[in-house]
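Pasting upload.cif here (mmCIF, C-alpha atoms):
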data_structure
loop_
_atom_site.label_atom_id
_atom_site.label_comp_id
_atom_site.auth_asym_id
_atom_site.auth_seq_id
_atom_site.Cartn_x
_atom_site.Cartn_y
_atom_site.Cartn_z
CA MET V 1 -10.49 -16.06 -2.24
CA THR V 2 -11.82 -14.37 0.89
CA ARG V 3 -10.67 -10.86 0.04
CA PHE V 4 -13.25 -8.21 0.91
CA ILE V 5 -14.25 -5.73 -1.78
CA GLU V 6 -15.98 -2.62 -0.51
CA ILE V 7 -18.83 -1.50 -2.76
CA VAL V 8 -19.91 2.12 -2.33
CA GLU V 9 -23.57 2.42 -3.31
CA VAL V 10 -24.17 5.54 -5.42
CA GLY V 11 -27.76 4.90 -6.51
CA PRO V 12 -29.39 7.65 -4.42
CA ARG V 13 -27.10 10.26 -5.99
CA ASP V 14 -25.58 9.21 -9.32
CA GLY V 15 -28.41 6.77 -9.92
CA LEU V 16 -31.14 9.41 -9.71
CA GLN V 17 -29.51 12.61 -10.97
CA ASN V 18 -30.23 11.92 -14.66
CA GLU V 19 -33.74 10.48 -14.31
CA LYS V 20 -36.75 12.23 -15.83
CA ALA V 21 -38.82 11.27 -12.80
CA ILE V 22 -38.08 13.41 -9.76
CA LEU V 23 -38.54 11.55 -6.48
CA ASP V 24 -39.59 13.31 -3.32
CA VAL V 25 -37.63 13.17 -0.08
CA GLU V 26 -39.66 10.32 1.39
CA GLN V 27 -39.17 8.17 -1.72
CA LYS V 28 -35.43 8.82 -1.64
CA LEU V 29 -35.31 7.90 2.04
CA ASP V 30 -37.19 4.69 1.28
CA PHE V 31 -34.62 3.87 -1.41
CA ILE V 32 -31.74 4.53 1.00
CA GLY V 33 -33.37 2.39 3.70
CA ARG V 34 -33.85 -0.53 1.33
CA LEU V 35 -30.24 -0.29 0.18
CA GLN V 36 -28.98 -0.21 3.75
CA ALA V 37 -31.09 -3.28 4.53
CA ALA V 38 -29.47 -4.96 1.51
CA GLY V 39 -26.01 -4.40 2.99
CA ALA V 40 -24.88 -0.94 1.89
CA ARG V 41 -22.61 0.58 4.51
CA ARG V 42 -21.06 3.44 2.54
CA MET V 43 -23.58 5.28 0.42
CA GLU V 44 -23.60 8.48 -1.60
CA VAL V 45 -26.95 9.78 -0.41
CA VAL V 46 -27.05 13.45 -1.41
CA SER V 47 -25.49 16.01 -3.73
CA PHE V 48 -24.97 19.61 -2.62
CA VAL V 49 -25.54 21.17 -6.01
CA ASN V 50 -27.90 23.89 -7.20
CA PRO V 51 -31.36 22.27 -7.44
CA ASN V 52 -32.21 24.66 -10.25
CA ARG V 53 -29.56 22.94 -12.37
CA VAL V 54 -30.16 19.41 -11.10
CA PRO V 55 -33.69 19.27 -9.68
CA GLN V 56 -33.39 15.53 -9.03
CA MET V 57 -30.96 16.34 -6.20
CA ALA V 58 -33.21 18.74 -4.29
CA GLY V 59 -33.85 18.05 -0.61
CA ALA V 60 -30.28 17.23 0.44
CA GLU V 61 -30.56 18.83 3.87
CA GLU V 62 -33.92 17.17 4.55
CA ILE V 63 -32.53 13.76 3.66
CA MET V 64 -29.49 14.21 5.90
CA ALA V 65 -31.69 15.37 8.78
CA ALA V 66 -33.75 12.19 8.48
CA LEU V 67 -30.74 9.84 8.39
CA PRO V 68 -29.43 9.37 11.94
CA ALA V 69 -25.71 9.46 12.56
CA GLY V 70 -24.15 6.36 14.07
CA SER V 71 -26.60 4.01 12.37
CA GLY V 72 -23.89 1.94 10.69
CA LEU V 73 -24.23 3.94 7.48
CA SER V 74 -21.54 6.32 6.27
CA ARG V 75 -23.55 9.09 4.61
CA ILE V 76 -21.60 10.65 1.74
CA GLY V 77 -22.43 14.03 0.23
CA LEU V 78 -21.16 15.10 -3.18
CA VAL V 79 -19.46 18.52 -3.21
CA LEU V 80 -18.38 20.67 -6.18
CA ASN V 81 -17.18 23.85 -4.50
CA MET V 82 -16.74 25.66 -1.19
CA ARG V 83 -20.45 26.39 -0.91
CA GLY V 84 -21.15 22.67 -1.29
CA TRP V 85 -18.54 21.89 1.38
CA GLU V 86 -20.16 24.30 3.80
CA ARG V 87 -23.56 22.72 3.20
CA ALA V 88 -22.12 19.22 3.69
CA VAL V 89 -20.50 20.18 6.99
CA ALA V 90 -23.66 21.90 8.23
CA ALA V 91 -25.77 18.90 7.26
CA GLY V 92 -23.53 16.51 9.21
CA CYS V 93 -22.25 14.33 6.36
CA ASP V 94 -19.97 11.49 7.41
CA GLU V 95 -17.89 11.96 4.24
CA ALA V 96 -17.60 14.60 1.52
CA ASN V 97 -16.86 13.50 -2.03
CA VAL V 98 -15.27 16.44 -3.87
CA VAL V 99 -15.52 16.10 -7.65
CA VAL V 100 -12.80 17.46 -9.92
CA CYS V 101 -13.10 17.07 -13.68
CA SER V 102 -10.11 15.75 -15.62
CA SER V 103 -10.96 17.82 -18.71
CA ASP V 104 -11.80 21.47 -19.24
CA GLY V 105 -14.62 20.72 -21.69
CA PHE V 106 -16.55 18.69 -19.17
CA GLY V 107 -15.57 20.91 -16.26
CA ILE V 108 -17.01 24.05 -17.83
CA ARG V 109 -20.30 22.35 -18.69
CA ASN V 110 -20.65 20.30 -15.50
CA GLN V 111 -19.28 22.69 -12.89
CA GLY V 112 -18.78 26.04 -14.58
CA ALA V 113 -15.04 25.92 -13.90
CA ASN V 114 -11.96 24.63 -15.68
CA VAL V 115 -9.63 22.00 -14.25
CA ALA V 116 -7.20 24.51 -12.72
CA GLU V 117 -10.03 26.34 -10.96
CA GLN V 118 -11.42 23.07 -9.60
CA ILE V 119 -8.01 22.01 -8.30
CA GLU V 120 -7.73 25.37 -6.55
CA ALA V 121 -11.17 24.80 -4.98
CA MET V 122 -10.14 21.31 -3.85
CA HIS V 123 -7.03 22.67 -2.10
CA ALA V 124 -9.12 25.38 -0.45
CA ILE V 125 -11.62 22.83 0.84
CA ALA V 126 -8.84 20.59 2.15
CA ALA V 127 -7.20 23.56 3.89
CA ARG V 128 -10.53 24.60 5.39
CA ARG V 129 -11.03 21.12 6.79
CA THR V 130 -7.53 21.17 8.30
CA SER V 131 -8.12 24.52 10.00
CA GLU V 132 -11.77 24.14 11.03
CA GLY V 133 -12.51 20.41 11.00
CA GLY V 134 -15.08 18.50 9.04
CA PRO V 135 -15.73 15.07 7.55
CA PRO V 136 -13.15 13.00 5.68
CA ILE V 137 -12.64 14.07 2.08
CA SER V 138 -12.51 11.84 -0.95
CA VAL V 139 -11.73 13.33 -4.36
CA THR V 140 -13.27 11.83 -7.48
CA PHE V 141 -11.67 12.70 -10.79
CA SER V 142 -14.48 12.54 -13.33
CA THR V 143 -13.77 11.90 -17.04
CA ALA V 144 -10.51 10.25 -15.95
CA PHE V 145 -10.65 7.90 -18.95
CA GLY V 146 -12.18 10.16 -21.59
CA CYS V 147 -14.26 13.29 -22.11
CA PRO V 148 -17.39 13.69 -24.27
CA PHE V 149 -16.20 17.13 -25.40
CA ASP V 150 -12.38 17.04 -25.38
CA GLY V 151 -11.91 13.39 -26.37
CA GLU V 152 -9.01 11.39 -24.98
CA VAL V 153 -7.72 12.40 -21.57
CA PRO V 154 -3.96 11.73 -21.30
CA GLN V 155 -2.84 9.44 -18.53
CA GLU V 156 -0.17 11.96 -17.56
CA ARG V 157 -2.88 14.50 -16.75
CA VAL V 158 -4.73 12.06 -14.52
CA VAL V 159 -1.52 11.22 -12.70
CA SER V 160 -0.77 14.93 -12.22
CA LEU V 161 -4.24 15.55 -10.81
CA ALA V 162 -3.91 12.58 -8.45
CA ARG V 163 -0.62 14.00 -7.22
CA GLU V 164 -2.38 17.29 -6.44
CA ALA V 165 -4.99 15.43 -4.39
CA ALA V 166 -2.30 13.51 -2.52
CA ASN V 167 -0.50 16.77 -1.75
CA ALA V 168 -3.77 18.09 -0.33
CA LYS V 169 -3.75 15.08 2.02
CA VAL V 170 -7.24 13.86 1.11
CA ASP V 171 -8.47 10.59 2.58
CA GLU V 172 -9.33 8.75 -0.65
CA ILE V 173 -8.92 9.23 -4.41
CA ALA V 174 -11.27 7.88 -7.07
CA LEU V 175 -10.97 7.60 -10.84
CA ALA V 176 -14.31 7.82 -12.64
CA ASP V 177 -15.16 6.64 -16.13
CA THR V 178 -18.00 9.12 -16.37
CA ILE V 179 -19.04 8.26 -19.92
CA GLY V 180 -18.05 4.59 -20.06
CA VAL V 181 -15.16 4.67 -22.55
CA ALA V 182 -12.44 2.81 -20.63
CA ASP V 183 -11.12 -0.66 -21.37
CA PRO V 184 -9.58 -3.11 -18.89
CA TRP V 185 -6.02 -2.52 -20.07
CA MET V 186 -6.40 1.26 -19.72
CA VAL V 187 -7.80 0.72 -16.23
CA ARG V 188 -4.83 -1.35 -15.14
CA SER V 189 -2.37 1.16 -16.61
CA ARG V 190 -3.96 4.15 -14.89
CA VAL V 191 -4.33 2.39 -11.58
CA GLU V 192 -0.66 1.44 -11.60
CA ALA V 193 0.46 4.93 -12.66
CA VAL V 194 -1.70 6.75 -10.10
CA ARG V 195 -0.61 4.43 -7.31
CA GLN V 196 2.97 5.53 -7.84
CA VAL V 197 2.15 9.12 -6.82
CA ILE V 198 -0.52 8.75 -4.11
CA GLY V 199 1.32 6.55 -1.64
CA ASP V 200 -0.93 4.82 0.88
CA ILE V 201 -4.08 6.83 0.05
CA PRO V 202 -6.88 4.36 -0.81
CA LEU V 203 -7.90 4.26 -4.47
CA ARG V 204 -11.53 3.83 -5.55
CA LEU V 205 -12.94 3.23 -9.04
CA HIS V 206 -16.24 4.36 -10.55
CA PHE V 207 -17.43 2.84 -13.83
CA HIS V 208 -20.35 3.43 -16.15
CA ASP V 209 -21.54 0.70 -18.48
CA THR V 210 -22.24 2.85 -21.54
CA ARG V 211 -20.32 0.56 -23.89
CA ASN V 212 -20.79 -2.70 -22.01
CA THR V 213 -17.29 -2.68 -20.51
CA GLY V 214 -18.16 -1.69 -16.93
CA LEU V 215 -17.82 -5.10 -15.27
CA ALA V 216 -14.70 -5.93 -17.28
CA ASN V 217 -13.17 -2.68 -16.05
CA ALA V 218 -14.18 -3.48 -12.47
CA TYR V 219 -12.51 -6.88 -12.83
CA ALA V 220 -9.34 -5.20 -14.12
CA GLY V 221 -9.37 -2.83 -11.16
CA VAL V 222 -9.71 -5.68 -8.67
CA GLU V 223 -6.93 -7.61 -10.41
CA ALA V 224 -4.77 -4.49 -10.14
CA GLY V 225 -5.33 -4.47 -6.37
CA VAL V 226 -8.18 -1.97 -5.95
CA ASP V 227 -10.51 -2.88 -3.06
CA ILE V 228 -13.14 -0.12 -3.36
CA LEU V 229 -15.64 0.16 -6.22
CA ASP V 230 -18.72 2.30 -6.81
CA ALA V 231 -21.93 0.75 -8.12
CA SER V 232 -25.61 1.61 -8.42
CA CYS V 233 -28.49 -0.73 -7.64
CA GLY V 234 -30.36 -1.64 -10.81
CA GLY V 235 -27.66 -0.08 -12.98
CA LEU V 236 -29.24 3.34 -12.55
CA GLY V 237 -27.19 6.40 -13.35
CA GLY V 238 -25.91 8.95 -15.78
CA CYS V 239 -24.90 12.59 -15.94
CA PRO V 240 -27.21 15.39 -17.09
CA PHE V 241 -24.22 17.19 -18.63
CA ALA V 242 -22.78 14.24 -20.58
CA PRO V 243 -24.41 13.37 -23.92
CA ALA V 244 -25.71 9.78 -24.19
CA ALA V 245 -24.72 9.07 -20.58
CA THR V 246 -25.99 5.77 -19.22
CA GLY V 247 -25.96 4.03 -15.90
CA ASN V 248 -23.31 2.83 -13.50
CA ILE V 249 -22.46 -0.84 -13.22
CA GLY V 250 -25.29 -2.52 -11.32
CA THR V 251 -24.56 -3.27 -7.68
CA GLU V 252 -26.22 -6.67 -8.01
CA ASP V 253 -24.15 -7.47 -11.14
CA LEU V 254 -20.92 -6.55 -9.36
CA VAL V 255 -21.87 -8.50 -6.22
CA TYR V 256 -22.78 -11.55 -8.32
CA MET V 257 -19.48 -11.50 -10.23
CA LEU V 258 -17.34 -11.00 -7.14
CA GLU V 259 -19.10 -13.48 -4.87
CA ARG V 260 -19.19 -16.18 -7.56
CA ALA V 261 -15.40 -15.82 -7.59
CA GLY V 262 -15.18 -16.13 -3.79
CA PHE V 263 -14.76 -12.50 -2.79
CA THR V 264 -16.95 -11.08 -0.03
CA THR V 265 -18.98 -7.88 -0.25
CA GLY V 266 -21.43 -7.92 2.67
CA TYR V 267 -24.43 -7.46 0.37
CA ASP V 268 -27.65 -9.49 0.19
CA ILE V 269 -28.09 -9.98 -3.55
CA GLU V 270 -31.74 -11.02 -3.33
CA ALA V 271 -32.52 -7.82 -1.41
CA LEU V 272 -30.69 -5.81 -4.08
CA ILE V 273 -32.79 -7.46 -6.80
CA GLU V 274 -36.01 -6.67 -4.95
CA THR V 275 -34.89 -3.07 -4.47
CA ALA V 276 -34.04 -2.75 -8.17
CA LYS V 277 -37.48 -4.09 -9.14
CA TRP V 278 -39.18 -1.70 -6.73
CA MET V 279 -37.23 1.24 -8.16
CA SER V 280 -38.01 0.12 -11.70
CA GLY V 281 -41.69 0.43 -10.90
CA LEU V 282 -41.24 3.77 -9.19
CA LEU V 283 -39.37 5.23 -12.17
CA ASP V 284 -41.48 3.36 -14.75
CA LYS V 285 -38.45 2.11 -16.66
CA PRO V 286 -36.79 -1.29 -17.27
CA ILE V 287 -33.99 -2.50 -15.03
CA ALA V 288 -30.56 -2.07 -16.64
CA ALA V 289 -28.68 -4.51 -14.39
CA SER V 290 -28.53 -8.02 -15.84
CA VAL V 291 -28.78 -10.02 -12.62
CA SER V 292 -32.07 -8.38 -11.67
CA ARG V 293 -33.44 -9.45 -15.05
CA ALA V 294 -32.01 -12.98 -15.18
CA GLY V 295 -31.81 -13.90 -11.50
CA VAL V 296 -29.01 -15.51 -9.52
CA PHE V 297 -27.36 -18.85 -10.21
CA PRO V 298 -27.92 -21.44 -8.92
CA PRO V 299 -31.54 -20.25 -8.72
CA ALA V 300 -33.27 -20.27 -5.34
CA VAL V 301 -35.93 -22.51 -6.83
CA ALA V 302 -34.80 -24.91 -9.54
CA PRO V 303 -36.88 -24.70 -12.76
CA ALA V 304 -39.30 -27.57 -13.37
#
For the file at hand, write its structure as structure tokens.
Amino acid sequence: MTRFIEIVEVGPRDGLQNEKAILDVEQKLDFIGRLQAAGARRMEVVSFVNPNRVPQMAGAEEIMAALPAGSGLSRIGLVLNMRGWERAVAAGCDEANVVVCSSDGFGIRNQGANVAEQIEAMHAIAARRTSEGGPPISVTFSTAFGCPFDGEVPQERVVSLAREAANAKVDEIALADTIGVADPWMVRSRVEAVRQVIGDIPLRLHFHDTRNTGLANAYAGVEAGVDILDASCGGLGGCPFAPAATGNIGTEDLVYMLERAGFTTGYDIEALIETAKWMSGLLDKPIAASVSRAGVFPPAVAPA
């Protein structure tokens, strides 16, 4: 297999937003630089949210100002509403990732708006981009496989939301397992159902490893034909508004699995491991990703 799988690195945003330690702008820029050196080409680098609610995401404009355009890195900013869109455009983001919750319970707690209100905001942002210009828009449907407050999220609802995004003519659609409750068979079913209503719009998947199913779900997505996956170096991640939230699948774990199978990703796994170890020291917490703990195989230096 020589099929290329694009891995979108979300460590600087999703990876840091739930950490007790709050990094300064220079530390975040160092993290982004190390990830780019390890092969990241699309990276979620900032979140245009209220820093009073998520202080880990402060400094978005400063980070964007320090990251030059045209450097081979597509700099993605997370957007929740029109104010976030305006900030992303003003900051010069290469992409805007608009988040829409798939459940009212999570939407009210995470974004202060129900699903219908968020869909309305998404359409308004898409219309604003059409009339005034701006970066490409991806839409991520969080809690697309289950909600910590409302429980099961019906597949029909996810399909309906994906249809709304397709009608808004967004550039990419993502399904996110925000709290890590999906299984591989559910992933395949939702991918197939969503594909029927979004046409040629690329589909991306975002998995958390809360219940140790993240890599299995990524495998199911790839087998179902998805070529774009999110991951976070070191397995960092979580959501401050989701109880017991844990990290994303580790970028190094995903790269190891895919490249052992013959897929290509463009990442340097040894550089990812070094970056994960550096971040572990910075945050003073163990690495969650397995490959950074166990090493690659075959090892670079055979054991005596």
* Selected residue, from V:Met186, V:Leu23, V:Leu272, V:Val49, that lies nearest to Ala37 of chain V when counting only C-alpha atoms ->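 Checking each of V:Met186, V:Leu23, V:Leu272, V:Val49 against Ala37 of chain V, counting only C-alpha atoms, the winner is V:Leu272.
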* To do: Place a sphere of radius 12 Å on (-0.8, 10.5, -1.2) in the file coordinates and name every protein, DNA or RNA residue with an atom inside or on its surface, counting all atoms listed in the file; give the answer as a PyMOL selection string.
  => chain V and resi 138-139+159-173+194-203
Anything within 12 Å of (-30.7, 14.0, 11.1): list those residues as a CSV table (one decimal) with C-alpha atoms, keeping the file's coordinate frame, counting only C-alpha atoms and sticking to the file's coordinates.
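For reference, result-v4.csv as written:
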chain,number,residue,atom,x,y,z
V,29,LEU,CA,-35.3,7.9,2.0
V,60,ALA,CA,-30.3,17.2,0.4
V,61,GLU,CA,-30.6,18.8,3.9
V,62,GLU,CA,-33.9,17.2,4.6
V,63,ILE,CA,-32.5,13.8,3.7
V,64,MET,CA,-29.5,14.2,5.9
V,65,ALA,CA,-31.7,15.4,8.8
V,66,ALA,CA,-33.8,12.2,8.5
V,67,LEU,CA,-30.7,9.8,8.4
V,68,PRO,CA,-29.4,9.4,11.9
V,69,ALA,CA,-25.7,9.5,12.6
V,70,GLY,CA,-24.2,6.4,14.1
V,71,SER,CA,-26.6,4.0,12.4
V,75,ARG,CA,-23.6,9.1,4.6
V,90,ALA,CA,-23.7,21.9,8.2
V,91,ALA,CA,-25.8,18.9,7.3
V,92,GLY,CA,-23.5,16.5,9.2
V,93,CYS,CA,-22.2,14.3,6.4
V,94,ASP,CA,-20.0,11.5,7.4
* Atom pair atom CA of Val222 of chain V / atom CA of Val115 of chain V: separation (Å) -> 28.2 Å
* Pick the closest to Ala174 of chain V from V:Val79, V:Val54, V:Val191, V:Ala127: which is it, counting all atoms listed in the file? ->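 Nearest to Ala174 of chain V: V:Val191.
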* Asked: Given the choices V:Gly105, V:Pro12, V:Pro154, V:Pro148, which gets closest to Val181 of chain V if the distance is worked out from all atoms listed in the file?
  ->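 Checking each candidate against Val181 of chain V, we get V:Pro148 as the closest.
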* Work out how far atom CA of Arg109 of chain V is from atom CA of Gly234 of chain V, in Å to one decimal. => 27.2 Å
* To do: Can you pull out every residue within 8 Å of Ala224 of chain V, counting only C-alpha atoms, but drop anything in the same chain fewer than 4 positions away, and send it as a list of chain:residue names?
  => V:Arg188, V:Val191, V:Glu192, V:Ala220
* Asked: Glu117 of chain V: which residues within 12 Å, counting all atoms listed in the file, same-chain residues fewer than 6 positions away excluded, as a list in words?
  ->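 Listing them by chain and then by number gives Leu80, Asn81, Met82, Val100, Cys101, Ser102, Ser103, Asp104, Gly107, Ile108, Gln111, His123 and Ala124 of chain V.
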Next, write the just-selected residues to a file, as a compact mmCIF listing (two decimals), in the coordinates of the input, keeping C-alpha atoms as the atom set.
# COMPACT_ATOMS: atom_id res chain seq x y z
CA LEU V 80 -18.38 20.67 -6.18
CA ASN V 81 -17.18 23.85 -4.50
CA MET V 82 -16.74 25.66 -1.19
CA VAL V 100 -12.80 17.46 -9.92
CA CYS V 101 -13.10 17.07 -13.68
CA SER V 102 -10.11 15.75 -15.62
CA SER V 103 -10.96 17.82 -18.71
CA ASP V 104 -11.80 21.47 -19.24
CA GLY V 107 -15.57 20.91 -16.26
CA ILE V 108 -17.01 24.05 -17.83
CA GLN V 111 -19.28 22.69 -12.89
CA HIS V 123 -7.03 22.67 -2.10
CA ALA V 124 -9.12 25.38 -0.45
* Could you pull the residues within 10 Å of Ser280 of chain V, counting only C-alpha atoms, minus those fewer than 6 positions along the same chain, as a PyMOL selection string? -> chain V and resi 234+236+274+286-288
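The space separating atom CA of Gly238 of chain V from atom CA of Glu223 of chain V comes to 25.8 Å.
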Fewer than 6 positions away in the same chain doesn't count, so skip those; otherwise give me all residues within 6 Å of segment 16-20 of chain V, counting all atoms listed in the file, as a PDB file with C-alpha atoms, in the coordinates of the input.
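Result written to selection00.pdb:
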ATOM      1  CA  GLN V  56     -33.390  15.530  -9.030  1.00  0.00           C
ATOM      2  CA  GLY V 238     -25.910   8.950 -15.780  1.00  0.00           C
ATOM      3  CA  CYS V 239     -24.900  12.590 -15.940  1.00  0.00           C
ATOM      4  CA  PRO V 240     -27.210  15.390 -17.090  1.00  0.00           C
TER       5      PRO V 240
END
* Apply the PyMOL selection byres ((chain V and resi 254) around 12) to the displayed file and report the matching residues as an NGL selection string. => :V and (5-9 or 206-207 or 209 or 214-219 or 222 or 228-235 or 248-253 or 255-261 or 263-265 or 267 or 269 or 272 or 289-292)
* When distances are computed from only C-alpha atoms, which of V:Glu120, V:Glu44, V:Asp150, V:Asp227 shows the smallest separation from Asp14 of chain V? -> V:Glu44
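Proximity of V:Asp183, V:Glu132, V:Asp30, V:Glu95 to Met279 of chain V, computed with only C-alpha atoms, is greatest for V:Asp30.
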* **Among listed residues V:Ile125, V:Ala116, V:Ala40, V:Val45, nearest Val89 of chain V (using all atoms listed in the file)** =>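 Counting all atoms listed in the file, the residue closest to Val89 of chain V is V:Ile125.
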* Asked: Residues at most 10 Å from Ala271 of chain V, counting only C-alpha atoms, excluding those fewer than 5 positions away in the same chain, as number ranges by chain?
  -> V: 34-39, 252, 276-277
Kindly provide, as JSON, the centre and edge lengths (Å, one decimal) of an axis-aligned box around all atoms of segment 111-117 of chain V given in the file, with 5 Å on each side.
{"center_x": -13.2, "center_y": 24.2, "center_z": -13.3, "size_x": 22.1, "size_y": 14.3, "size_z": 14.7}
